[in-house]
Amino acid sequence: MISKRFLLSRRMARTVLAGASLSLLSACMVGPDFQKPVPLGSLHYDRQAEQQLATGQNADAPRIRLAQGIEGDWWSTLQSAKLDQVMRKAIDGNLDLTAADATIAQANEAVAAARGTLRPQVDFGASGGRQGAGGSASNIYSVGPSVSFDFDIFGGKKRAVEERGALADLQRHRYDAAYLTLTGDVASQALRLASARAQIDAVETLLEQDRRTLALVQTGHRFGSATQVDVALAQTQLAQDQTLLPPLAQQRDVARHALSVLASKGPADWMPPDFGMADFALPSTLPVSLPSEVAHDRPDILAAEAQLHAASAAIGVATADLYPRLQLSASLATAGPGIGTLWSIAGGLAAPIFHGGTLKANQRGSVDGYKASLADYRQTVVRSLGQVADVLQAINHDAEEYAAQERALAAADASLKLNQAGYRAGEIDVLKVLDAQRAYQRALLGQIQARTAQYLDAVQLSVALGGNASGAFARRTTANETR
């Protein structure tokens with residue numbers, strides 16, 4: 001035989017579920033439905049720079065391919081196996097990405113918790129005590145389940161779930177932004193390390209020339225063709241050029257330590273490989289997506305959009321608080337001794353009447369928050385256009401500077417050789433040789449710095465365009481699942 005308690009329990013459950021089904025059919029969602037921002041109307045970043053780079057007017061600058069997105073790992077255009085090795089180590093070990101990963105998991109749990117409030121809430125309770133009357137006393141107890149359900153007539157809880165989902169999206173985009181920043185920093189520090197080493201090698205070459213010049217002057221002094229003043233000048237030039245080494249060594253060590261930290265390793269525990277300028281190749285062409293596509297490619301813009309979505313859902317949450325709430329509750333308990341089964345089903349309706357203006361203020365505040373998020377989104381988009389425009393012009397100007405430095409280096413090299421030959425022939429004094437050496441020194445270091453700037457421009461352009469970082473977290477999750 002089926003017990004009466006079981007029949008009551010089933011009847012109570014059917015009542016609660018019927019009410020829940022009715023709420024799903026009748027509930028309305030207050031607050032605005034989120035609409036993605038209107039796509040950018042801009043078709044260009046900087047017309048002049050685009051025309052020059054797209055048509056190859058500057059032979060020393062990489063050409064750009066407009067309306068083409070970045071494919072694969074953006075740093076692969078630098079064609080450096082060493083960089084790819086360090087990049088993978090940094091991506092796998094970076095603690096900022098690990099923290100972002102955990103933050104995403106936390107945000108996902110917040111979404112799951114919010115979704116749970118849309119379902120019936122079932123609890124179990126038990127109580128016991130002792131009561132007396134007329135000189136007699138007895139023990140009493142009650143034990144059984146209870147069920148409650150909020151019909152969410154105006155969709156406040158659903159808007160809360162939507163808000164939590166948008167905030168989870170925000171964290172995923174922040175992960176992608178951290179990934180983009182990390183990869184950009186790794187490439188930049190690797191190039192700075194290579195540049196410092198190249199400049200150190202150049203200074204070592206200059207010092208060797210200084211020593212040869214000093215030896216030549218000292219020989220001339222012994223044979224009477226040079227004065228003690230000439231010897232002092234040559235010694236001064238050598239001493240001055242030696243002061244160039246410590247700052248360059250510091251630049252090298254700072255870049256090396258930075259790469260260790262980006263890989264979340266102490267500098268004493270892991271050191272990156274010795275990068276040289278020959279380990280990189282300057283891309284001959286660079287893809288440049290349209291401004292309308294940047295909004296889909298840059299993680300910071302997508303994060304601002306997710307923040308805007310969350311602000312829109314918050315309006316719905318605050319608006320729903322202005323309307324009545326309908327709840328259904330039921331309980332079933334065994335009480336005793338001698339009482340039997342107790343059950344109850346109750347519905348409750350609560351509507352706000354007077355809260356001192358708090359609820360309306362919350363709603364107005366949520367609308368203001370949405371307006372602020374919209375302004376932040378638009379400013380993020382505009383800022384991204386400015387960053388790309390700056391880099392495009394930098395590619396042009398740095399190519400012009402590199403060409404000028406190449407010409408200066410060639411002229412300085414020719415002048416130095418002529419002056420050295422003239423001094424050996426006794427036709428000129430040592431001052432002209434030293435002046436030619438200083439000019440060659442400046443031109444050589446300037447040429448290395450100009451070439452480094454061109455490499456860094458290529459890195460900065462890829463980063464400014466989003467670096468194909470959108471979806472980096474999803475790709476990492478897929479990779480972990482397939483391992």
# chains A, B, ... in the order shown; residues from 1 in each chain; ligands from 1
$ residues_around --residues "A:Gln85" --least-positions-apart "3" --cutoff "12 Å" --atoms "only C-alpha atoms" --output "PyMOL selection string"
chain A and resi 75-76+79-82+88-92+183+186-187+190+259+263+272-273+275
$ closest_atom_pairs --of "stretch 23-99 of chain A" --to "stretch 456-468 of chain A" --cutoff "12 Å" --atoms "only C-alpha atoms" --output "Markdown table"
| residue | atom | partner | partner_atom | distance |
| --- | --- | --- | --- | --- |
| A:Tyr45 | CA | A:Leu465 | CA | 11.2 |
| A:Ala61 | CA | A:Ala458 | CA | 10.2 |
| A:Pro62 | CA | A:Ala458 | CA | 8.7 |
| A:Arg63 | CA | A:Ala458 | CA | 11.0 |
| A:Ile64 | CA | A:Leu461 | CA | 10.6 |
| A:Leu66 | CA | A:Leu465 | CA | 11.9 |
| A:Ala67 | CA | A:Leu465 | CA | 11.6 |
| A:Gln68 | CA | A:Leu465 | CA | 10.8 |
| A:Gly69 | CA | A:Asn468 | CA | 8.1 |
| A:Ile70 | CA | A:Asn468 | CA | 5.9 |
| A:Glu71 | CA | A:Asn468 | CA | 6.8 |
| A:Gly72 | CA | A:Asn468 | CA | 7.1 |
| A:Asp73 | CA | A:Asn468 | CA | 7.2 |
| A:Trp74 | CA | A:Gly467 | CA | 5.7 |
| A:Trp75 | CA | A:Val459 | CA | 7.4 |
| A:Ser76 | CA | A:Val459 | CA | 10.6 |
| A:Thr77 | CA | A:Ala458 | CA | 8.9 |
| A:Leu78 | CA | A:Ala458 | CA | 8.6 |
$ residues_around --residues "A:Ala166" --least-positions-apart "6" --cutoff "7 Å" --atoms "only C-alpha atoms" --output "PyMOL selection string"
chain A and resi 306-307+309-310
$ residues_around --residues "A:Ile339" --least-positions-apart "2" --cutoff "10 Å" --atoms "only C-alpha atoms" --output "ChimeraX atom specification"
/A:140-142,334-337,341-342
$ write_last_selection --atoms "all heavy atoms" --output "JSON list (two decimals), in the first residue's frame"
[["chain", "number", "residue", "atom", "x", "y", "z"],
["A", 140, "ILE", "N", 8.77, 16.62, 22.36],
["A", 140, "ILE", "CA", 8.16, 16.78, 21.04],
["A", 140, "ILE", "C", 9.26, 16.88, 19.99],
["A", 140, "ILE", "O", 10.40, 17.27, 20.29],
["A", 140, "ILE", "CB", 7.26, 18.03, 20.96],
["A", 140, "ILE", "CG1", 8.08, 19.30, 21.22],
["A", 140, "ILE", "CG2", 6.10, 17.94, 21.92],
["A", 140, "ILE", "CD1", 7.33, 20.58, 20.94],
["A", 141, "TYR", "N", 8.90, 16.51, 18.76],
["A", 141, "TYR", "CA", 9.88, 16.63, 17.68],
["A", 141, "TYR", "C", 9.13, 16.84, 16.37],
["A", 141, "TYR", "O", 7.92, 16.57, 16.26],
["A", 141, "TYR", "CB", 10.74, 15.36, 17.59],
["A", 141, "TYR", "CG", 9.96, 14.13, 17.20],
["A", 141, "TYR", "CD1", 9.78, 13.81, 15.84],
["A", 141, "TYR", "CD2", 9.41, 13.30, 18.18],
["A", 141, "TYR", "CE1", 9.05, 12.67, 15.49],
["A", 141, "TYR", "CE2", 8.70, 12.17, 17.82],
["A", 141, "TYR", "CZ", 8.52, 11.86, 16.47],
["A", 141, "TYR", "OH", 7.81, 10.76, 16.11],
["A", 142, "SER", "N", 9.86, 17.34, 15.38],
["A", 142, "SER", "CA", 9.33, 17.53, 14.04],
["A", 142, "SER", "C", 10.47, 17.36, 13.05],
["A", 142, "SER", "O", 11.55, 17.92, 13.24],
["A", 142, "SER", "CB", 8.71, 18.93, 13.89],
["A", 142, "SER", "OG", 8.31, 19.17, 12.55],
["A", 334, "THR", "N", 6.97, 15.01, 9.86],
["A", 334, "THR", "CA", 6.45, 14.04, 10.81],
["A", 334, "THR", "C", 6.68, 14.60, 12.21],
["A", 334, "THR", "O", 7.80, 14.92, 12.57],
["A", 334, "THR", "CB", 7.16, 12.69, 10.67],
["A", 334, "THR", "OG1", 6.92, 12.19, 9.36],
["A", 334, "THR", "CG2", 6.64, 11.70, 11.70],
["A", 335, "ALA", "N", 5.59, 14.73, 12.99],
["A", 335, "ALA", "CA", 5.69, 15.33, 14.32],
["A", 335, "ALA", "C", 5.23, 14.32, 15.36],
["A", 335, "ALA", "O", 4.42, 13.42, 15.09],
["A", 335, "ALA", "CB", 4.85, 16.59, 14.40],
["A", 336, "GLY", "N", 5.71, 14.46, 16.52],
["A", 336, "GLY", "CA", 5.31, 13.53, 17.55],
["A", 336, "GLY", "C", 5.76, 13.97, 18.92],
["A", 336, "GLY", "O", 6.36, 15.03, 19.08],
["A", 337, "PRO", "N", 5.42, 13.16, 19.89],
["A", 337, "PRO", "CA", 4.72, 11.86, 19.69],
["A", 337, "PRO", "C", 3.20, 12.04, 19.55],
["A", 337, "PRO", "O", 2.62, 12.94, 20.14],
["A", 337, "PRO", "CB", 5.09, 11.10, 20.95],
["A", 337, "PRO", "CG", 5.28, 12.17, 21.98],
["A", 337, "PRO", "CD", 5.85, 13.35, 21.29],
["A", 341, "THR", "N", 1.47, 13.27, 10.67],
["A", 341, "THR", "CA", 2.06, 14.01, 9.55],
["A", 341, "THR", "C", 1.45, 15.39, 9.44],
["A", 341, "THR", "O", 0.23, 15.54, 9.45],
["A", 341, "THR", "CB", 1.85, 13.25, 8.23],
["A", 341, "THR", "OG1", 2.48, 11.98, 8.32],
["A", 341, "THR", "CG2", 2.46, 14.03, 7.06],
["A", 342, "LEU", "N", 2.31, 16.40, 9.30],
["A", 342, "LEU", "CA", 1.88, 17.78, 9.12],
["A", 342, "LEU", "C", 2.34, 18.26, 7.75],
["A", 342, "LEU", "O", 3.48, 18.01, 7.35],
["A", 342, "LEU", "CB", 2.47, 18.69, 10.19],
["A", 342, "LEU", "CG", 2.12, 18.35, 11.65],
["A", 342, "LEU", "CD1", 2.87, 19.29, 12.59],
["A", 342, "LEU", "CD2", 0.62, 18.46, 11.87]]
$ residues_around --residues "A:Tyr377" --least-positions-apart "2" --cutoff "9 Å" --atoms "only C-alpha atoms" --output "compact mmCIF listing (two decimals) with N, CA, C and O atoms, in the first residue's frame"
# COMPACT_ATOMS: atom_id res chain seq x y z
N PRO A 37 26.95 47.31 -29.26
CA PRO A 37 27.16 48.67 -29.78
C PRO A 37 27.25 48.69 -31.29
O PRO A 37 27.65 47.70 -31.93
N ILE A 301 38.64 45.86 -25.87
CA ILE A 301 37.36 46.34 -26.37
C ILE A 301 36.26 45.33 -26.05
O ILE A 301 35.15 45.70 -25.63
N LEU A 302 36.56 44.05 -26.21
CA LEU A 302 35.57 43.02 -25.89
C LEU A 302 35.27 43.01 -24.39
O LEU A 302 34.13 42.76 -23.98
N ALA A 303 36.28 43.28 -23.57
CA ALA A 303 36.06 43.37 -22.12
C ALA A 303 35.15 44.56 -21.80
O ALA A 303 34.25 44.46 -20.95
N ALA A 304 35.36 45.68 -22.47
CA ALA A 304 34.50 46.85 -22.25
C ALA A 304 33.08 46.56 -22.70
O ALA A 304 32.11 47.02 -22.08
N GLU A 305 32.91 45.77 -23.76
CA GLU A 305 31.58 45.39 -24.21
C GLU A 305 30.89 44.48 -23.20
O GLU A 305 29.69 44.62 -22.92
N GLN A 307 31.49 44.46 -20.01
CA GLN A 307 31.14 45.33 -18.88
C GLN A 307 29.87 46.11 -19.17
O GLN A 307 29.01 46.29 -18.29
N LEU A 308 29.70 46.54 -20.41
CA LEU A 308 28.50 47.24 -20.83
C LEU A 308 27.29 46.31 -20.75
O LEU A 308 26.20 46.72 -20.32
N ALA A 372 27.85 55.28 -18.08
CA ALA A 372 29.29 55.36 -17.85
C ALA A 372 30.03 54.24 -18.59
O ALA A 372 31.08 54.47 -19.19
N SER A 373 29.47 53.03 -18.54
CA SER A 373 30.10 51.90 -19.23
C SER A 373 30.09 52.11 -20.75
O SER A 373 31.04 51.74 -21.43
N LEU A 374 29.02 52.71 -21.26
CA LEU A 374 28.95 53.00 -22.70
C LEU A 374 30.02 54.00 -23.10
O LEU A 374 30.69 53.85 -24.14
N ALA A 375 30.21 55.03 -22.27
CA ALA A 375 31.25 56.02 -22.57
C ALA A 375 32.64 55.38 -22.50
O ALA A 375 33.51 55.65 -23.34
N GLN A 379 35.28 55.15 -25.56
CA GLN A 379 36.62 55.69 -25.38
C GLN A 379 37.68 54.63 -25.64
O GLN A 379 38.74 54.91 -26.22
N THR A 380 37.41 53.39 -25.24
CA THR A 380 38.35 52.30 -25.50
C THR A 380 38.52 52.07 -26.99
O THR A 380 39.63 51.84 -27.48
N VAL A 381 37.41 52.15 -27.73
CA VAL A 381 37.46 51.97 -29.18
C VAL A 381 38.27 53.10 -29.82
O VAL A 381 39.16 52.87 -30.65
N VAL A 382 37.97 54.35 -29.44
CA VAL A 382 38.67 55.49 -30.02
C VAL A 382 40.16 55.42 -29.69
O VAL A 382 41.02 55.72 -30.53
